[in-house]
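> Below you will find the structure I want to go over with you.
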Amino acid sequence: MLIVGLGNPGKQYESTRHNVGFMVMDRVASEYGFPAFKEKFQGLFSEGMVAGQKVYLLKPLTFMNLSGQSVRSCCQFFRIPTEKLVVVHDDLDLTCGKIRVKNGGGNGGHNGLKSIDSCLDVNYTRIRFGIDHPGHAQDVAHYVLSSFSKEERGIVDDVIKHISQFMSLILTGDYDHFMSKVAQSKSV
């Protein structure tokens with residue numbers, strides 16, 4: 001299983017809304033005792049075990065619009081079919097901290113997903129992580145590269161903790177149970 005967290009490389013983007021995927025990867029790696037991330041596949045890569053299953057974690061360093069290149073490289077190297085690919089990404093159409101999981105489907109205008117879709121089959125699992133919408137389309141680019149407010153950061157950190165805690169449900173394909181557990185656990 002390959003779990004990819006989408007984000008942008010660089011210190012200036014670390015705590016931005018667009019980087020919730022990276023934040024989730026860091027938490028999963030920490031919680032399950034993965035070794036330090038190393039540069040590989042045009043990204044930061046680590047491998048370890050979650051609930052007795054071998055899992056690869058990847059944070060593409062290609063910037064969002066080219067994420068598919070990194071993901072494709074890793075999938076090809078390990079011969080991972082898209083059915084064994086999970087992508088964690090920010091979603092403007094969900095309120096802050098809301099989670100949705102689905103297999104396959106469209107990219108919702110997300111540039112990272114567009115890139116992955118152009119490099120691979122679209123039959124992969126998406127964990128959509130709500131970051132809210134700024135209200136006006138012209139504000140989106142600035143908004144996704146801005147940091148969370150203190151209140152939002154508390155919500156985001158709580159949800160990230162529970163996504164990591166219940167990741168084994170994603171690995172078994174029990175998406176409804178996963179979403180239910182995360183929703184019950186968060187303090188929103």
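We name chains A, B, ... following the order of the structure tokens; residues begin at 1 in each chain, and ligands are numbered from 1 as shown.
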Could you pull out the strand (DSSP E or B) residues of segment 117-146 of chain A from DSSP and send them as a list in words?
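Filtering segment 117-146 of chain A down to strand (DSSP E or B) leaves Thr125, Arg126, Ile127, Arg128, Phe129 and Gly130 of chain A.
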> Create the file for the chosen residues now, containing C-alpha atoms and written as a PDB file, in the first residue's frame.

ATOM      1  CA  THR A 125      -8.524   6.195  -2.973  1.00  0.00           C
ATOM      2  CA  ARG A 126      -8.701   9.830  -1.948  1.00  0.00           C
ATOM      3  CA  ILE A 127      -8.851  11.116   1.610  1.00  0.00           C
ATOM      4  CA  ARG A 128     -10.292  14.601   1.183  1.00  0.00           C
ATOM      5  CA  PHE A 129      -9.353  16.880   4.103  1.00  0.00           C
ATOM      6  CA  GLY A 130     -11.541  19.974   4.436  1.00  0.00           C
TER       7      GLY A 130
END
> For Leu169 of chain A, please output as a list in words all residues within 8 Å (counting only C-alpha atoms; exclusion window: fewer than 6 positions along the same chain).
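That gives Tyr175, His177 and Phe178 of chain A.
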> Would you kindly return, as a PDB file with N, CA and C atoms, in the first residue's frame, each protein, DNA or RNA residue with an atom no farther than 12 Å from any atom of Lys114 of chain A, considering only C-alpha atoms and excluding same-chain residues fewer than 2 positions away?

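Once everything was written out, this is selection06.pdb:
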ATOM      1  N   LEU A   6      -0.214  15.004  -0.246  1.00  0.00           N
ATOM      2  CA  LEU A   6       0.116  16.091  -1.165  1.00  0.00           C
ATOM      3  C   LEU A   6       0.446  17.368  -0.401  1.00  0.00           C
ATOM      4  N   MET A  64       2.964  20.885  -6.139  1.00  0.00           N
ATOM      5  CA  MET A  64       1.637  20.295  -6.303  1.00  0.00           C
ATOM      6  C   MET A  64       1.318  19.926  -7.752  1.00  0.00           C
ATOM      7  N   ASN A  65       1.567  20.841  -8.672  1.00  0.00           N
ATOM      8  CA  ASN A  65       1.145  20.648 -10.064  1.00  0.00           C
ATOM      9  C   ASN A  65       1.847  19.497 -10.781  1.00  0.00           C
ATOM     10  N   LEU A  66       2.930  18.978 -10.194  1.00  0.00           N
ATOM     11  CA  LEU A  66       3.678  17.886 -10.818  1.00  0.00           C
ATOM     12  C   LEU A  66       3.742  16.646  -9.923  1.00  0.00           C
ATOM     13  N   SER A  67       2.879  16.564  -8.939  1.00  0.00           N
ATOM     14  CA  SER A  67       2.890  15.449  -7.977  1.00  0.00           C
ATOM     15  C   SER A  67       2.807  14.090  -8.646  1.00  0.00           C
ATOM     16  N   GLY A  68       2.101  14.004  -9.748  1.00  0.00           N
ATOM     17  CA  GLY A  68       1.911  12.732 -10.438  1.00  0.00           C
ATOM     18  C   GLY A  68       3.212  12.076 -10.864  1.00  0.00           C
ATOM     19  N   GLN A  69       4.222  12.882 -11.192  1.00  0.00           N
ATOM     20  CA  GLN A  69       5.513  12.322 -11.612  1.00  0.00           C
ATOM     21  C   GLN A  69       6.146  11.510 -10.487  1.00  0.00           C
ATOM     22  N   HIS A  89      -5.273  14.732   0.565  1.00  0.00           N
ATOM     23  CA  HIS A  89      -5.147  16.083   0.007  1.00  0.00           C
ATOM     24  C   HIS A  89      -6.148  17.042   0.633  1.00  0.00           C
ATOM     25  N   GLY A 105     -13.051   8.608  -9.076  1.00  0.00           N
ATOM     26  CA  GLY A 105     -13.795   9.852  -9.217  1.00  0.00           C
ATOM     27  C   GLY A 105     -12.966  10.954  -9.825  1.00  0.00           C
ATOM     28  N   GLY A 106     -13.547  12.138  -9.814  1.00  0.00           N
ATOM     29  CA  GLY A 106     -12.911  13.300 -10.420  1.00  0.00           C
ATOM     30  C   GLY A 106     -11.884  13.933  -9.507  1.00  0.00           C
ATOM     31  N   ASN A 107     -11.232  14.965 -10.037  1.00  0.00           N
ATOM     32  CA  ASN A 107     -10.180  15.631  -9.272  1.00  0.00           C
ATOM     33  C   ASN A 107     -10.667  16.891  -8.574  1.00  0.00           C
ATOM     34  N   GLY A 108     -11.910  17.294  -8.812  1.00  0.00           N
ATOM     35  CA  GLY A 108     -12.463  18.464  -8.139  1.00  0.00           C
ATOM     36  C   GLY A 108     -11.674  19.738  -8.375  1.00  0.00           C
ATOM     37  N   GLY A 109     -10.919  19.788  -9.466  1.00  0.00           N
ATOM     38  CA  GLY A 109     -10.121  20.974  -9.758  1.00  0.00           C
ATOM     39  C   GLY A 109      -8.808  21.047  -8.994  1.00  0.00           C
ATOM     40  N   HIS A 110      -8.499  20.026  -8.204  1.00  0.00           N
ATOM     41  CA  HIS A 110      -7.264  20.019  -7.411  1.00  0.00           C
ATOM     42  C   HIS A 110      -6.080  19.707  -8.323  1.00  0.00           C
ATOM     43  N   ASN A 111      -5.106  20.602  -8.378  1.00  0.00           N
ATOM     44  CA  ASN A 111      -3.985  20.447  -9.309  1.00  0.00           C
ATOM     45  C   ASN A 111      -3.119  19.228  -9.018  1.00  0.00           C
ATOM     46  N   GLY A 112      -2.961  18.869  -7.763  1.00  0.00           N
ATOM     47  CA  GLY A 112      -2.199  17.664  -7.430  1.00  0.00           C
ATOM     48  C   GLY A 112      -2.878  16.418  -7.952  1.00  0.00           C
ATOM     49  N   ILE A 116      -1.749  13.606 -10.843  1.00  0.00           N
ATOM     50  CA  ILE A 116      -1.755  12.151 -10.622  1.00  0.00           C
ATOM     51  C   ILE A 116      -2.630  11.473 -11.667  1.00  0.00           C
ATOM     52  N   ASP A 117      -3.804  12.050 -11.926  1.00  0.00           N
ATOM     53  CA  ASP A 117      -4.717  11.480 -12.922  1.00  0.00           C
ATOM     54  C   ASP A 117      -4.075  11.416 -14.306  1.00  0.00           C
ATOM     55  N   SER A 118      -3.248  12.413 -14.635  1.00  0.00           N
ATOM     56  CA  SER A 118      -2.617  12.429 -15.960  1.00  0.00           C
ATOM     57  C   SER A 118      -1.486  11.404 -16.068  1.00  0.00           C
ATOM     58  N   CYS A 119      -0.964  10.959 -14.935  1.00  0.00           N
ATOM     59  CA  CYS A 119       0.158  10.004 -14.931  1.00  0.00           C
ATOM     60  C   CYS A 119      -0.271   8.569 -14.656  1.00  0.00           C
ATOM     61  N   LEU A 120      -1.417   8.390 -14.021  1.00  0.00           N
ATOM     62  CA  LEU A 120      -1.880   7.063 -13.607  1.00  0.00           C
ATOM     63  C   LEU A 120      -3.367   6.913 -13.903  1.00  0.00           C
ATOM     64  N   ASP A 121      -3.865   5.737 -13.679  1.00  0.00           N
ATOM     65  CA  ASP A 121      -5.299   5.471 -13.722  1.00  0.00           C
ATOM     66  C   ASP A 121      -5.955   6.237 -12.570  1.00  0.00           C
ATOM     67  N   VAL A 122      -7.220   6.609 -12.700  1.00  0.00           N
ATOM     68  CA  VAL A 122      -7.898   7.387 -11.656  1.00  0.00           C
ATOM     69  C   VAL A 122      -8.512   6.517 -10.562  1.00  0.00           C
TER      70      VAL A 122
END
> Record the distance separating atom CA of Ser146 of chain A and atom CA of Cys96 of chain A, expressed in Å with one decimal.
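Going from atom CA of Ser146 of chain A over to atom CA of Cys96 of chain A covers 13.7 Å.
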> What is the atom CA of Thr62 of chain A to atom CA of Glu39 of chain A distance in Å?
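Rounded to one decimal, the two atoms are 11.6 Å apart.
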> Between A:Glu31, A:Asp26, A:Glu83, A:Glu152, which residue has the minimum interatomic distance to Leu171 of chain A, considering only C-alpha atoms?
A:Glu83
> Env of Tyr13 of chain A: 12 Å cut, atoms = only C-alpha atoms, seq-sep filter 2 positions within chain, self excluded. Answer as a ChimeraX atom specification.
/A:6-11,15-23,61,63-64,142-148
> From the DSSP assignment of the backbone, select every residue of segment 1-181 of chain A that is helix (DSSP H, G or I), and format the answer as a ChimeraX atom specification.
/A:11-13,17-31,64-78,82-84,111-119,137-144,150-165,167-171,175-181
> Please provide the set of residues having any atom within 12 Å of Gly52 of chain A, restricted to only C-alpha atoms, with same-chain residues fewer than 4 positions apart removed, written as an MDAnalysis selection string.
chainID A and resid 1 32 48 167:168 171:172
> Store the residues picked out above in a file with N, CA and C atoms, as a PDB file, in the first residue's frame.

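Wrote result_9.pdb, looks like this:
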ATOM      1  N   MET A   1       0.852  -1.176   0.000  1.00  0.00           N
ATOM      2  CA  MET A   1       0.000   0.000   0.000  1.00  0.00           C
ATOM      3  C   MET A   1       0.896   1.237   0.000  1.00  0.00           C
ATOM      4  N   TYR A  32       3.566   5.363  13.917  1.00  0.00           N
ATOM      5  CA  TYR A  32       3.850   3.951  13.664  1.00  0.00           C
ATOM      6  C   TYR A  32       5.350   3.634  13.624  1.00  0.00           C
ATOM      7  N   GLY A  48       7.276   1.334   6.351  1.00  0.00           N
ATOM      8  CA  GLY A  48       7.130   0.714   7.660  1.00  0.00           C
ATOM      9  C   GLY A  48       5.891  -0.158   7.689  1.00  0.00           C
ATOM     10  N   MET A 167      -5.851   4.678  10.649  1.00  0.00           N
ATOM     11  CA  MET A 167      -5.362   4.391   9.298  1.00  0.00           C
ATOM     12  C   MET A 167      -5.553   2.927   8.915  1.00  0.00           C
ATOM     13  N   SER A 168      -5.540   2.026   9.884  1.00  0.00           N
ATOM     14  CA  SER A 168      -5.715   0.597   9.573  1.00  0.00           C
ATOM     15  C   SER A 168      -7.050   0.345   8.878  1.00  0.00           C
ATOM     16  N   LEU A 171      -6.589   0.919   5.237  1.00  0.00           N
ATOM     17  CA  LEU A 171      -5.843  -0.187   4.624  1.00  0.00           C
ATOM     18  C   LEU A 171      -6.738  -1.378   4.317  1.00  0.00           C
ATOM     19  N   THR A 172      -7.786  -1.570   5.121  1.00  0.00           N
ATOM     20  CA  THR A 172      -8.706  -2.691   4.890  1.00  0.00           C
ATOM     21  C   THR A 172      -9.879  -2.295   3.997  1.00  0.00           C
TER      22      THR A 172
END
> From the set A:Met25, A:Glu14, A:Asn103, A:Asp93, which residue has the shortest atom-to-atom contact distance to Val55 of chain A, counting only C-alpha atoms?
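Among the listed residues, the smallest separation from Val55 of chain A belongs to A:Met25.
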> May I have a table of the residues of segment 40-94 of chain A lying at most 12 Å from segment 155-164 of chain A, giving each one's closest pair of atoms and their distance in Å to one decimal, counting only C-alpha atoms, ordered by chain and ascending residue number, as a Markdown table?

| residue | atom | partner | partner_atom | distance |
| --- | --- | --- | --- | --- |
| A:Val50 | CA | A:Ser164 | CA | 9.8 |
| A:Ala51 | CA | A:Ser164 | CA | 11.5 |
| A:Val88 | CA | A:Ile163 | CA | 10.1 |
| A:His89 | CA | A:Ile160 | CA | 11.9 |
| A:Asp90 | CA | A:Val156 | CA | 11.1 |
> Mind checking which residues fall within 8 Å of His133 of chain A, counting only C-alpha atoms, ignoring those fewer than 3 positions away in the same chain, and posting them as a ChimeraX atom specification?
/A:92-95,136,140
> Between atom CA of Gly154 of chain A and atom CA of Gln184 of chain A, what distance in Å does the model show, to one decimal?
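Taking atom CA of Gly154 of chain A and atom CA of Gln184 of chain A, their separation equals 16.0 Å.
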> Which residues are near Met179 of chain A? Cut-off 8 Å, only C-alpha atoms, ignore same chain within fewer than 6 positions. Put them as a PyMOL selection string.
chain A and resi 99-101
> Deliver the residues from the most recent selection as a file, using C-alpha atoms, as a short mmCIF file (atom, residue, chain, number, x, y, z; two decimals), in the first residue's frame.

data_model
loop_
_atom_site.label_atom_id
_atom_site.label_comp_id
_atom_site.auth_asym_id
_atom_site.auth_seq_id
_atom_site.Cartn_x
_atom_site.Cartn_y
_atom_site.Cartn_z
CA ILE A 99 -13.09 14.26 6.05
CA ARG A 100 -14.43 12.36 3.06
CA VAL A 101 -13.02 9.16 1.60
#
> Between A:Leu2, A:Gln12, A:Arg72, A:Leu85, which residue has the minimum interatomic distance to Lys54 of chain A, considering only C-alpha atoms?
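Comparing A:Leu2, A:Gln12, A:Arg72, A:Leu85 against Lys54 of chain A, the winner is A:Leu2.
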